[in-house]
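Structure file entry.cif; described as mmCIF, C-alpha atoms.
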```
data_protein
loop_
_atom_site.label_atom_id
_atom_site.label_comp_id
_atom_site.auth_asym_id
_atom_site.auth_seq_id
_atom_site.Cartn_x
_atom_site.Cartn_y
_atom_site.Cartn_z
CA MET A 65 118.78 139.34 96.73
CA LEU A 66 122.54 139.07 96.19
CA LYS A 67 122.97 137.26 99.50
CA GLU A 68 120.27 134.75 98.50
CA LEU A 69 122.00 134.17 95.17
CA LEU A 70 125.31 133.54 96.93
CA MET A 71 123.68 131.06 99.32
CA ARG A 72 121.94 129.20 96.49
CA ASN A 73 125.05 129.13 94.34
CA GLY A 74 127.16 128.01 97.27
CA THR A 75 125.00 124.91 97.69
CA ARG A 76 125.47 123.96 94.06
CA GLN A 77 129.15 124.79 94.00
CA SER A 78 130.10 122.41 96.77
CA MET A 79 128.94 119.47 94.62
CA PRO A 80 131.60 117.76 92.49
CA SER A 81 131.62 118.34 88.74
CA ARG A 82 131.09 115.20 86.70
CA SER A 83 133.87 116.25 84.30
CA LEU A 84 136.55 116.36 87.00
CA SER A 85 138.75 113.46 88.04
CA GLY A 86 140.96 113.16 91.10
CA LYS A 87 140.66 113.18 94.85
CA GLU A 88 137.92 115.29 96.32
CA GLU A 89 137.96 116.57 99.87
CA ASN A 90 135.83 119.54 100.88
CA ARG A 91 137.26 122.12 103.28
CA ALA A 92 135.77 125.19 104.95
CA LEU A 93 136.25 128.61 103.39
CA THR A 94 137.01 131.89 105.20
CA VAL A 95 136.06 135.48 104.44
CA GLU A 96 139.76 136.38 104.61
CA THR A 97 140.39 134.03 101.68
CA LEU A 98 137.58 135.59 99.64
CA LYS A 99 138.92 139.09 100.25
CA ASN A 100 142.06 138.10 98.34
CA LEU A 101 140.21 136.97 95.20
CA ILE A 102 139.65 139.34 92.27
CA PRO A 103 136.94 140.48 91.57
CA ILE A 104 134.97 138.57 94.25
CA ARG A 105 136.55 140.76 96.94
CA ASN A 106 134.40 143.66 95.69
CA LEU A 107 131.28 142.09 97.19
CA GLY A 108 130.03 143.60 100.44
CA ASP A 109 130.89 142.12 103.83
CA ASP A 110 127.43 140.59 104.23
CA GLU A 111 127.65 138.91 100.85
CA LEU A 112 131.18 137.63 101.52
CA ASN A 113 130.07 136.19 104.86
CA ALA A 114 127.09 134.47 103.25
CA PHE A 115 129.33 133.12 100.50
CA ALA A 116 131.90 131.77 102.98
CA LEU A 117 129.25 130.04 105.09
CA SER A 118 127.67 128.29 102.12
CA GLN A 119 130.85 127.39 100.27
CA GLN A 120 133.63 124.80 100.58
CA THR A 121 136.95 124.39 98.84
CA GLU A 122 137.79 121.22 96.94
CA VAL A 123 141.01 119.19 96.77
CA PHE A 124 142.19 117.34 93.66
CA ALA A 125 145.10 115.02 92.99
CA LYS A 126 148.16 115.70 90.87
CA ASP A 127 147.47 115.51 87.09
CA THR A 128 143.75 116.23 87.53
CA ILE A 129 142.35 118.30 84.67
CA LEU A 130 140.14 121.05 86.06
CA CYS A 131 138.88 122.22 82.69
CA LYS A 132 139.65 121.47 79.04
CA GLN A 133 140.35 123.90 76.24
CA GLY A 134 137.28 124.46 74.10
CA GLU A 135 134.75 123.25 76.67
CA SER A 136 131.95 125.60 77.70
CA VAL A 137 132.49 127.38 80.99
CA ASP A 138 130.02 126.47 83.72
CA SER A 139 132.25 127.24 86.71
CA ILE A 140 135.20 129.50 87.48
CA PHE A 141 138.14 128.13 89.49
CA TYR A 142 140.47 129.93 91.88
CA LEU A 143 143.67 128.20 92.96
CA LEU A 144 144.02 128.28 96.76
CA ASP A 145 146.87 125.81 97.24
CA GLY A 146 149.29 124.01 94.92
CA LEU A 147 150.51 124.50 91.35
CA VAL A 148 148.77 124.25 87.95
CA THR A 149 149.75 124.69 84.30
CA LEU A 150 147.74 126.46 81.61
CA GLU A 151 148.09 124.31 78.51
CA GLY A 152 147.19 125.12 74.93
CA GLY A 153 147.21 128.90 75.20
CA SER A 154 150.83 129.30 74.11
CA ALA A 155 153.95 127.23 73.63
CA SER A 156 155.34 128.40 76.98
CA MET A 157 152.54 126.75 79.06
CA PRO A 158 152.57 129.26 81.96
CA THR A 159 152.20 127.96 85.51
CA VAL A 160 150.23 129.45 88.39
CA SER A 161 151.35 128.92 91.97
CA SER A 162 148.96 129.49 94.86
CA ASP A 163 151.48 131.79 96.56
CA SER A 164 151.73 134.11 93.52
CA PHE A 165 149.65 137.19 92.79
CA LYS A 166 148.32 135.42 89.67
CA ALA A 167 146.36 133.08 91.96
CA LYS A 168 144.16 135.98 93.00
CA PHE A 169 142.58 135.81 89.52
CA PRO A 170 140.34 133.05 88.06
CA LEU A 171 142.18 130.32 86.16
CA SER A 172 139.97 130.49 83.08
CA THR A 173 136.99 132.66 82.16
CA GLY A 174 134.67 133.45 79.27
CA LYS A 175 132.11 131.40 77.34
CA PHE A 176 134.64 128.66 76.48
CA HIS A 177 137.88 127.68 78.18
CA ALA A 178 140.82 129.00 76.14
CA VAL A 179 143.26 126.74 78.04
CA THR A 180 143.39 123.35 79.70
CA VAL A 181 144.14 123.67 83.41
CA ARG A 182 146.13 120.72 84.80
CA ALA A 183 147.23 120.12 88.39
CA VAL A 184 151.02 119.81 88.71
CA THR A 185 150.70 119.00 92.41
CA GLU A 186 147.79 118.19 94.68
CA ILE A 187 145.67 121.34 94.60
CA SER A 188 142.94 123.06 96.56
CA VAL A 189 140.49 125.15 94.54
CA LEU A 190 137.39 127.26 94.96
CA ARG A 191 134.65 126.69 92.40
CA VAL A 192 132.53 129.78 91.64
CA GLN A 193 129.49 130.21 89.42
CA THR A 194 130.09 132.64 86.56
CA ARG A 195 127.25 134.87 87.76
CA ILE A 196 129.13 135.67 90.96
CA LEU A 197 132.16 136.71 88.92
CA GLU A 198 129.98 139.04 86.82
CA ILE A 199 128.51 140.67 89.93
CA GLY A 200 131.93 141.30 91.47
CA ASN A 201 133.20 142.67 88.18
CA SER A 202 130.26 145.04 87.72
CA ILE A 203 130.77 146.39 91.25
CA ALA A 204 134.45 147.04 90.54
CA ARG A 205 133.60 148.77 87.25
CA ALA A 206 131.07 151.05 88.96
CA GLN A 207 133.57 151.97 91.67
CA LYS A 208 136.23 152.94 89.13
CA SER A 209 133.80 154.98 87.02
CA ARG A 210 133.19 157.66 89.63
CA LEU A 211 135.52 159.91 91.58
CA GLN A 212 134.31 159.63 95.13
CA ASN A 213 134.37 162.30 97.79
CA PRO A 214 137.84 162.32 99.43
CA VAL A 215 136.33 161.39 102.79
CA ASP A 216 135.43 158.00 101.28
CA TYR A 217 139.15 157.22 101.00
CA HIS A 218 139.95 157.76 104.67
CA GLY A 219 141.78 154.75 106.01
CA VAL A 220 143.34 153.88 102.66
CA ASP A 221 147.11 153.72 103.07
CA GLY A 222 148.83 156.78 101.65
CA LEU A 223 145.68 158.67 100.69
CA ASN A 224 144.89 160.30 104.03
CA THR A 225 147.86 162.64 103.64
CA ASN A 226 147.79 162.94 99.83
CA ILE A 227 147.00 166.66 99.52
CA LEU A 228 147.36 166.62 95.72
CA PHE A 229 144.73 163.90 95.35
CA HIS A 230 142.30 165.44 97.84
CA SER A 231 142.58 168.89 96.26
CA PHE A 232 142.02 167.57 92.74
CA CYS A 233 139.17 165.34 93.87
CA ASN A 234 137.38 168.21 95.61
CA GLN A 235 137.72 170.54 92.65
CA PHE A 236 136.65 167.90 90.13
CA CYS A 237 133.57 166.98 92.16
CA ASP A 238 132.74 170.70 92.39
CA GLN A 239 133.15 170.95 88.57
CA LYS A 240 136.00 173.43 88.90
CA ILE A 241 138.46 171.42 86.77
CA ALA A 242 138.61 172.60 83.15
CA LEU A 243 138.34 169.57 80.85
CA PRO A 244 140.24 169.69 77.54
CA THR A 245 138.36 170.42 74.32
CA LEU A 246 138.84 168.88 70.91
CA PRO A 247 141.37 170.75 68.73
CA ASN A 248 139.86 173.17 66.18
CA VAL A 249 140.28 171.09 63.04
CA ALA A 250 138.60 168.10 64.70
CA ILE A 251 135.66 170.26 65.84
CA LYS A 252 135.27 171.83 62.38
CA LEU A 253 135.30 168.47 60.64
CA LYS A 254 132.89 166.94 63.16
CA ASN A 255 130.41 169.81 62.76
CA ALA A 256 130.74 169.87 58.98
CA MET A 257 130.10 166.15 58.64
CA LYS A 258 126.75 166.61 60.34
CA LYS A 259 125.74 168.46 57.15
CA ASP A 260 126.74 165.60 54.84
CA ILE A 261 129.65 167.39 53.21
CA SER A 262 131.54 166.08 50.18
CA ILE A 263 134.95 164.44 50.24
CA ALA A 264 136.46 167.53 48.63
CA GLU A 265 135.02 169.78 51.36
CA ALA A 266 136.35 167.44 54.06
CA ALA A 267 139.80 167.56 52.48
CA LYS A 268 139.76 171.39 52.56
CA ILE A 269 139.01 171.35 56.29
CA VAL A 270 141.84 168.90 56.97
CA GLN A 271 144.23 171.10 54.98
CA LEU A 272 143.63 173.92 57.46
CA ASP A 273 146.12 172.08 59.69
CA PRO A 274 149.22 171.27 57.58
CA SER A 275 150.66 168.84 60.13
CA ILE A 276 147.45 166.78 60.32
CA SER A 277 147.05 166.93 56.53
CA ALA A 278 150.57 165.52 56.16
CA LYS A 279 149.84 162.69 58.60
CA ILE A 280 146.60 161.82 56.80
CA MET A 281 148.60 161.41 53.59
CA GLN A 282 151.28 159.48 55.45
CA ILE A 283 148.84 156.93 56.85
CA ALA A 284 147.04 156.59 53.50
CA ASN A 285 150.41 155.69 51.94
CA SER A 286 151.49 153.42 54.79
CA PRO A 287 151.54 149.60 54.71
CA LEU A 288 148.53 149.72 57.03
CA TYR A 289 146.34 150.48 54.01
CA MET A 290 148.45 148.36 51.62
CA PRO A 291 148.39 150.95 48.80
CA VAL A 292 149.06 149.87 45.22
CA GLU A 293 149.72 153.44 44.12
CA PRO A 294 150.82 156.28 46.41
CA VAL A 295 148.44 159.19 46.99
CA ARG A 296 149.85 162.61 46.12
CA SER A 297 147.24 164.94 47.58
CA CYS A 298 145.14 165.29 50.69
CA LEU A 299 142.02 164.83 48.55
CA ASP A 300 143.26 161.48 47.27
CA ALA A 301 144.13 160.45 50.81
CA VAL A 302 140.60 161.24 52.01
CA LYS A 303 139.16 159.23 49.12
CA ARG A 304 141.27 156.24 50.12
CA LEU A 305 140.54 156.44 53.84
CA GLY A 306 136.82 157.22 53.67
CA MET A 307 134.92 159.82 55.66
CA ASN A 308 134.38 157.84 58.86
CA ALA A 309 138.03 156.82 59.11
CA LEU A 310 139.06 160.40 58.31
CA ARG A 311 137.03 161.85 61.17
CA THR A 312 138.48 159.33 63.63
CA LEU A 313 142.05 159.80 62.41
CA VAL A 314 141.83 163.60 62.57
CA VAL A 315 140.82 163.35 66.24
CA SER A 316 143.62 160.85 66.81
CA PHE A 317 146.32 162.97 65.17
CA SER A 318 145.20 166.17 66.89
CA MET A 319 145.31 164.60 70.35
CA LYS A 320 149.06 165.05 70.69
CA GLN A 321 148.42 168.77 71.17
CA LEU A 322 146.73 167.96 74.49
CA PHE A 323 149.81 166.28 75.97
CA GLN A 324 151.65 169.55 76.62
CA SER A 325 152.81 171.30 79.79
CA ASP A 326 155.17 174.16 80.65
CA ASN A 327 156.30 172.25 83.74
CA LYS A 328 159.37 170.21 82.73
CA LEU A 329 158.70 167.35 85.15
CA ILE A 330 155.03 167.08 84.13
CA GLN A 331 155.93 167.43 80.44
CA HIS A 332 158.24 164.44 80.80
CA ARG A 333 155.34 162.44 82.25
CA MET A 334 153.05 163.66 79.47
CA GLU A 335 155.52 162.42 76.87
CA GLN A 336 155.77 159.05 78.58
CA TYR A 337 152.01 158.60 78.60
CA TRP A 338 151.72 159.76 74.99
CA LYS A 339 154.26 157.14 73.89
CA GLN A 340 152.41 154.46 75.87
CA SER A 341 149.13 155.54 74.27
CA ILE A 342 150.65 155.35 70.80
CA TYR A 343 151.93 151.84 71.40
CA LEU A 344 148.61 150.73 72.84
CA SER A 345 146.60 152.23 69.98
CA SER A 346 148.94 150.56 67.47
CA LEU A 347 148.24 147.18 69.06
CA CYS A 348 144.51 147.91 68.97
CA TYR A 349 144.74 148.78 65.29
CA LEU A 350 146.62 145.58 64.54
CA ILE A 351 144.16 143.34 66.40
CA ALA A 352 141.17 145.03 64.72
CA SER A 353 142.76 144.65 61.28
CA LYS A 354 143.17 140.91 61.88
CA VAL A 355 139.72 140.10 63.24
CA LYS A 356 138.08 142.34 60.59
CA LYS A 357 134.89 142.99 62.59
CA ILE A 358 135.92 146.20 64.33
CA ASP A 359 136.67 149.45 62.52
CA THR A 360 140.45 149.85 62.62
CA ALA A 361 140.38 153.64 62.93
CA GLN A 362 137.97 153.38 65.87
CA ALA A 363 140.30 150.85 67.52
CA LEU A 364 143.24 153.20 66.98
CA LEU A 365 141.37 156.09 68.60
CA ALA A 366 140.14 153.94 71.49
CA GLY A 367 143.72 153.06 72.35
CA LEU A 368 144.69 156.73 72.38
CA VAL A 369 141.81 157.93 74.59
CA CYS A 370 141.64 155.17 77.21
CA ASP A 371 144.01 157.08 79.54
CA ILE A 372 143.03 160.60 78.51
CA GLY A 373 141.81 161.28 82.05
CA LEU A 374 145.46 161.73 83.04
CA ILE A 375 145.71 165.05 81.21
CA PRO A 376 143.60 167.27 83.54
CA PHE A 377 145.20 165.67 86.58
CA LEU A 378 148.77 166.19 85.36
CA GLN A 379 147.93 169.77 84.36
CA PHE A 380 146.50 170.31 87.84
CA ALA A 381 149.68 168.86 89.37
CA ALA A 382 151.81 171.16 87.21
CA ASN A 383 150.17 174.19 88.82
CA PHE A 384 149.98 172.75 92.35
CA PRO A 385 152.63 173.84 94.90
CA SER A 386 155.49 171.38 94.38
CA ASP A 387 156.39 171.35 98.10
CA LEU A 388 152.97 169.84 98.95
CA TYR A 389 153.35 166.58 97.04
CA ASP A 390 155.94 164.18 95.66
CA GLU A 391 156.03 161.71 92.78
CA ASN A 392 154.66 158.92 94.95
CA ASP A 393 151.57 161.03 95.73
CA MET A 394 151.03 161.51 92.02
CA GLU A 395 151.45 157.81 91.22
CA MET A 396 149.02 156.81 93.95
CA ALA A 397 146.35 159.20 92.70
CA ILE A 398 146.55 158.40 88.99
CA PRO A 399 144.70 155.01 89.06
CA LEU A 400 141.85 156.62 91.00
CA VAL A 401 141.36 159.73 88.88
CA LYS A 402 142.08 158.70 85.29
CA THR A 403 138.95 156.61 84.73
CA PRO A 404 136.15 158.96 85.90
CA VAL A 405 137.90 162.00 84.43
CA GLY A 406 138.48 160.20 81.13
CA VAL A 407 134.80 159.23 80.88
CA ALA A 408 133.80 162.85 81.60
CA ILE A 409 136.07 164.17 78.83
CA LEU A 410 134.79 161.78 76.16
CA LYS A 411 131.17 162.47 77.07
CA LYS A 412 131.90 166.19 76.78
CA TRP A 413 133.34 165.55 73.31
CA GLY A 414 130.12 163.86 72.24
CA PHE A 415 131.60 160.41 71.63
CA SER A 416 129.40 157.34 71.38
CA ASP A 417 128.48 155.58 74.62
CA GLU A 418 130.80 152.67 73.77
CA MET A 419 133.76 154.97 73.12
CA ALA A 420 133.01 157.17 76.13
CA GLU A 421 133.16 154.12 78.42
CA ILE A 422 136.58 153.00 77.12
CA PRO A 423 138.47 154.58 80.08
CA ALA A 424 136.25 152.54 82.43
CA THR A 425 136.57 149.25 80.53
CA SER A 426 140.18 149.29 79.32
CA GLU A 427 141.42 147.38 82.39
CA ASP A 428 138.21 145.45 83.00
CA TRP A 429 140.10 142.18 82.53
CA PHE A 430 137.10 139.89 82.91
CA ARG A 431 134.74 141.90 80.76
CA ASP A 432 132.52 139.65 78.68
CA ALA A 433 130.27 141.71 76.40
CA GLY A 434 128.79 138.90 74.30
CA ASP A 435 129.78 136.18 71.87
CA GLN A 436 131.72 138.45 69.50
CA LEU A 437 134.93 140.35 70.23
CA THR A 438 134.06 144.01 70.92
CA LEU A 439 136.01 147.26 70.76
CA SER A 440 136.33 147.39 74.56
CA GLU A 441 137.67 143.82 74.64
CA ILE A 442 140.28 144.65 71.99
CA ILE A 443 141.52 147.36 74.36
CA VAL A 444 141.68 144.80 77.19
CA LEU A 445 143.82 142.46 75.05
CA ALA A 446 146.09 145.29 73.91
CA LYS A 447 146.53 146.58 77.48
CA LEU A 448 147.42 143.15 78.86
CA HIS A 449 149.83 142.52 76.01
CA SER A 450 151.44 145.95 76.44
CA TYR A 451 152.38 145.00 80.01
CA ILE A 452 154.08 141.71 79.07
CA GLY A 453 157.69 141.74 80.26
CA LYS A 454 157.09 144.69 82.58
CA PRO A 455 156.93 144.50 86.41
CA LYS A 456 153.20 145.28 86.41
CA SER A 457 152.48 142.06 84.48
CA GLN A 458 153.22 140.07 87.66
CA ARG A 459 150.10 141.58 89.24
CA LEU A 460 147.80 140.93 86.28
CA PRO A 461 146.06 137.79 85.01
CA PHE A 462 147.64 135.75 82.23
CA ILE A 463 146.26 136.94 78.91
CA GLU A 464 145.11 133.38 78.09
CA THR A 465 142.72 133.38 81.07
CA VAL A 466 140.54 136.41 80.18
CA PRO A 467 137.28 136.13 78.17
CA ALA A 468 138.53 138.39 75.37
CA PHE A 469 141.37 135.99 74.58
CA GLY A 470 138.96 133.11 74.10
CA LYS A 471 137.05 135.19 71.55
CA LEU A 472 140.27 136.15 69.78
CA ARG A 473 141.18 132.48 69.66
CA GLN A 474 137.85 131.72 67.98
CA GLU A 475 138.46 134.49 65.45
CA SER A 476 141.95 133.23 64.62
CA LEU A 477 141.10 129.51 64.74
CA ASN A 478 143.90 128.41 67.07
CA PRO A 479 145.72 129.70 70.16
CA GLU A 480 149.07 130.01 68.42
CA SER A 481 147.72 132.46 65.84
CA SER A 482 145.88 134.32 68.61
CA LEU A 483 149.18 135.18 70.26
CA GLU A 484 150.80 135.65 66.86
CA ILE A 485 148.38 138.51 66.18
CA LEU A 486 149.78 140.24 69.25
CA THR A 487 153.46 139.45 68.76
CA MET A 488 154.29 138.79 65.10
CA ALA A 489 154.14 142.26 63.63
CA LYS A 490 156.28 144.51 65.78
CA SER A 491 157.33 146.31 62.62
CA ARG A 492 153.71 147.15 61.79
CA VAL A 493 153.11 148.41 65.30
CA GLN A 494 156.24 150.53 65.02
CA LYS A 495 155.07 151.96 61.70
CA VAL A 496 151.81 153.10 63.28
CA ALA A 497 153.75 154.58 66.21
CA ASN A 498 156.11 156.44 63.85
CA ILE A 499 153.17 158.24 62.24
CA PHE A 500 152.09 159.67 65.60
CA SER A 501 155.54 160.55 66.92
#
```

Encoded form (structure tokens):
Amino acid sequence: MLKELLMRNGTRQSMPSRSLSGKEENRALTVETLKNLIPIRNLGDDELNAFALSQQTEVFAKDTILCKQGESVDSIFYLLDGLVTLEGGSASMPTVSSDSFKAKFPLSTGKFHAVTVRAVTEISVLRVQTRILEIGNSIARAQKSRLQNPVDYHGVDGLNTNILFHSFCNQFCDQKIALPTLPNVAIKLKNAMKKDISIAEAAKIVQLDPSISAKIMQIANSPLYMPVEPVRSCLDAVKRLGMNALRTLVVSFSMKQLFQSDNKLIQHRMEQYWKQSIYLSSLCYLIASKVKKIDTAQALLAGLVCDIGLIPFLQFAANFPSDLYDENDMEMAIPLVKTPVGVAILKKWGFSDEMAEIPATSEDWFRDAGDQLTLSEIIVLAKLHSYIGKPKSQRLPFIETVPAFGKLRQESLNPESSLEILTMAKSRVQKVANIFS
């Protein structure tokens, strides 16, 4: 069925779009080229071969506009040769060169183009129907959501001899890895709220943990809730926050207890990841507070839990013979283990399906869950923005080219304010981070 879809779509894709201008010259496509394109490369070999046989690349002249900002998306473009600019997403007008890693990603995705793509030189492009992109993306998501048997990784550079990864993988698949549990105060509050308790009763439970009680008051008095009068008791703080926000914030504040290890090296890594999680969750909170359609406390928690799958792995590494692995082994294993383990933890904690899938969707850059911005897409935006200026950003798509950005742009009316949401309020992000530190 998939092969038939690729063949049918290939026939349509080789036809010129009536909205394009410039020179057109079809060229043959190879499987090797397709295997470089994300997420198309996730298709099976048979599908890639069928796609290559039925598809041709197209050549357009300098200054050709491939797509215009605001127009509906009917095709996805990959840049195979040449240079283009992305106009209208930000004042900097980023460029994409065919010899850069950025060219492995589509130039613009989503329901509507968030940028205008203009050819700076003569360019060669591959036009792909959006359905093919969705299929490749769903395959990639499914692969990340499960921890495969170690034998499935044979042949992958660096993993054949990674004893740490293989040992963890075997024990996890045999359900011998102990997953962390929610801290006591979070469990007590969660169970009590099933009985429809009063605000006063909820406040008494929170006060069982003085440190969490203090943080609840701190956030209720913070600029995040724009208080007119300061609260002076935990009860008043609970009244201001509301029960749903309280439950989410208690889980959030108690999570720091999980990032602990007696191994100094692993504890250092735990602290690094905790700081990254705080920054990410602060960005999520800020975005949610601006778009006003996603619960801010839920967004905060989602940012904190998206990489929670690291905890059991790092704890396992702390107790694993140090002479059998090095830091490179650990770094290579982390991207493979954190997603399935994170999903398992959140399901164990009884989180909603949407929240439990956050570890699997947080780096699903081309996720498109509907017309409205969703919680998972807020995490995508926050993750991409958190990498800006860091080496990893060179191997990620531009934030303006992902579907979530187009929805944020619609929420904030123009592209400048879309990026302003992510960059203007560093002080507010820092204030959220200070509460968790």

ask   = Taking (151.1, 164.9, 92.3) in the file's coordinates as the center, which residues reach within 10 Å of it, counting all atoms listed in the file, put as a PyMOL selection string?
value = chain A and resi 226-229+232+330+377-386+388-398

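Considering all atoms listed in the file, the residue among A:Ser316, A:Thr194, A:Thr245, A:Gln119 positioned nearest to A:Ser341 is A:Ser316.
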
Test item: which residues lie within 12 Å of (144.1, 157.0, 76.5) counting all atoms listed in the file, as a PDB file with C-alpha atoms, keeping the file's coordinate frame:
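The result, written out as out.pdb:
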```pdb
ATOM      1  CA  SER A 316     143.620 160.850  66.810  1.00  0.00           C
ATOM      2  CA  MET A 319     145.310 164.600  70.350  1.00  0.00           C
ATOM      3  CA  LYS A 320     149.060 165.050  70.690  1.00  0.00           C
ATOM      4  CA  LEU A 322     146.730 167.960  74.490  1.00  0.00           C
ATOM      5  CA  PHE A 323     149.810 166.280  75.970  1.00  0.00           C
ATOM      6  CA  MET A 334     153.050 163.660  79.470  1.00  0.00           C
ATOM      7  CA  TYR A 337     152.010 158.600  78.600  1.00  0.00           C
ATOM      8  CA  TRP A 338     151.720 159.760  74.990  1.00  0.00           C
ATOM      9  CA  LYS A 339     154.260 157.140  73.890  1.00  0.00           C
ATOM     10  CA  GLN A 340     152.410 154.460  75.870  1.00  0.00           C
ATOM     11  CA  SER A 341     149.130 155.540  74.270  1.00  0.00           C
ATOM     12  CA  ILE A 342     150.650 155.350  70.800  1.00  0.00           C
ATOM     13  CA  TYR A 343     151.930 151.840  71.400  1.00  0.00           C
ATOM     14  CA  LEU A 344     148.610 150.730  72.840  1.00  0.00           C
ATOM     15  CA  SER A 345     146.600 152.230  69.980  1.00  0.00           C
ATOM     16  CA  CYS A 348     144.510 147.910  68.970  1.00  0.00           C
ATOM     17  CA  ALA A 363     140.300 150.850  67.520  1.00  0.00           C
ATOM     18  CA  LEU A 364     143.240 153.200  66.980  1.00  0.00           C
ATOM     19  CA  LEU A 365     141.370 156.090  68.600  1.00  0.00           C
ATOM     20  CA  ALA A 366     140.140 153.940  71.490  1.00  0.00           C
ATOM     21  CA  GLY A 367     143.720 153.060  72.350  1.00  0.00           C
ATOM     22  CA  LEU A 368     144.690 156.730  72.380  1.00  0.00           C
ATOM     23  CA  VAL A 369     141.810 157.930  74.590  1.00  0.00           C
ATOM     24  CA  CYS A 370     141.640 155.170  77.210  1.00  0.00           C
ATOM     25  CA  ASP A 371     144.010 157.080  79.540  1.00  0.00           C
ATOM     26  CA  ILE A 372     143.030 160.600  78.510  1.00  0.00           C
ATOM     27  CA  GLY A 373     141.810 161.280  82.050  1.00  0.00           C
ATOM     28  CA  LEU A 374     145.460 161.730  83.040  1.00  0.00           C
ATOM     29  CA  ILE A 375     145.710 165.050  81.210  1.00  0.00           C
ATOM     30  CA  LYS A 402     142.080 158.700  85.290  1.00  0.00           C
ATOM     31  CA  THR A 403     138.950 156.610  84.730  1.00  0.00           C
ATOM     32  CA  VAL A 405     137.900 162.000  84.430  1.00  0.00           C
ATOM     33  CA  GLY A 406     138.480 160.200  81.130  1.00  0.00           C
ATOM     34  CA  VAL A 407     134.800 159.230  80.880  1.00  0.00           C
ATOM     35  CA  ILE A 409     136.070 164.170  78.830  1.00  0.00           C
ATOM     36  CA  LEU A 410     134.790 161.780  76.160  1.00  0.00           C
ATOM     37  CA  MET A 419     133.760 154.970  73.120  1.00  0.00           C
ATOM     38  CA  ALA A 420     133.010 157.170  76.130  1.00  0.00           C
ATOM     39  CA  GLU A 421     133.160 154.120  78.420  1.00  0.00           C
ATOM     40  CA  ILE A 422     136.580 153.000  77.120  1.00  0.00           C
ATOM     41  CA  PRO A 423     138.470 154.580  80.080  1.00  0.00           C
ATOM     42  CA  ALA A 424     136.250 152.540  82.430  1.00  0.00           C
ATOM     43  CA  THR A 425     136.570 149.250  80.530  1.00  0.00           C
ATOM     44  CA  SER A 426     140.180 149.290  79.320  1.00  0.00           C
ATOM     45  CA  GLU A 427     141.420 147.380  82.390  1.00  0.00           C
ATOM     46  CA  ILE A 443     141.520 147.360  74.360  1.00  0.00           C
ATOM     47  CA  LYS A 447     146.530 146.580  77.480  1.00  0.00           C
TER      48      LYS A 447
END
```

Near A:Gly470, counting all atoms listed in the file, which residues have an atom at most 8 Å away, once you skip same-chain residues fewer than 4 positions from it, shown as a PDB file with C-alpha atoms, in the frame of the given file?
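Wrote it out as selection-v4.pdb, contents follow:
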```
ATOM      1  CA  GLY A 174     134.670 133.450  79.270  1.00  0.00           C
ATOM      2  CA  LYS A 175     132.110 131.400  77.340  1.00  0.00           C
ATOM      3  CA  PHE A 176     134.640 128.660  76.480  1.00  0.00           C
ATOM      4  CA  HIS A 177     137.880 127.680  78.180  1.00  0.00           C
ATOM      5  CA  ALA A 178     140.820 129.000  76.140  1.00  0.00           C
ATOM      6  CA  GLU A 464     145.110 133.380  78.090  1.00  0.00           C
ATOM      7  CA  THR A 465     142.720 133.380  81.070  1.00  0.00           C
ATOM      8  CA  VAL A 466     140.540 136.410  80.180  1.00  0.00           C
ATOM      9  CA  GLN A 474     137.850 131.720  67.980  1.00  0.00           C
TER      10      GLN A 474
END
```

**Item:** Residue contacts of A:Arg296 (10 Å, all atoms listed in the file) excluding same-chain residues fewer than 6 positions away, as an MDAnalysis selection string
**Value:** chainID A and resid 281:282 284:285

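Counting all atoms listed in the file and comparing A:Leu310, A:Ala497, A:Cys233, A:Ala278, the residue that lies closest to A:Leu253 is A:Leu310.
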
How big is the axis-aligned box, and where does its centre sit, when it encloses all atoms of stretch 222-238 of chain A listed in the file and has 8 Å added on every side, reported in Å to one decimal as JSON?
```
{"center_x": 140.8, "center_y": 163.7, "center_z": 97.1, "size_x": 32.1, "size_y": 29.9, "size_z": 29.9}
```

- Please evaluate the PyMOL selection byres ((chain A and resi 303) around 12) against the displayed coordinates and give the resulting residues as a ChimeraX atom specification. /A:262-267,280-281,284,295-302,304-310

Atom pair atom CA of A:Thr128 + atom CA of A:Asn100, distance 24.5 Å
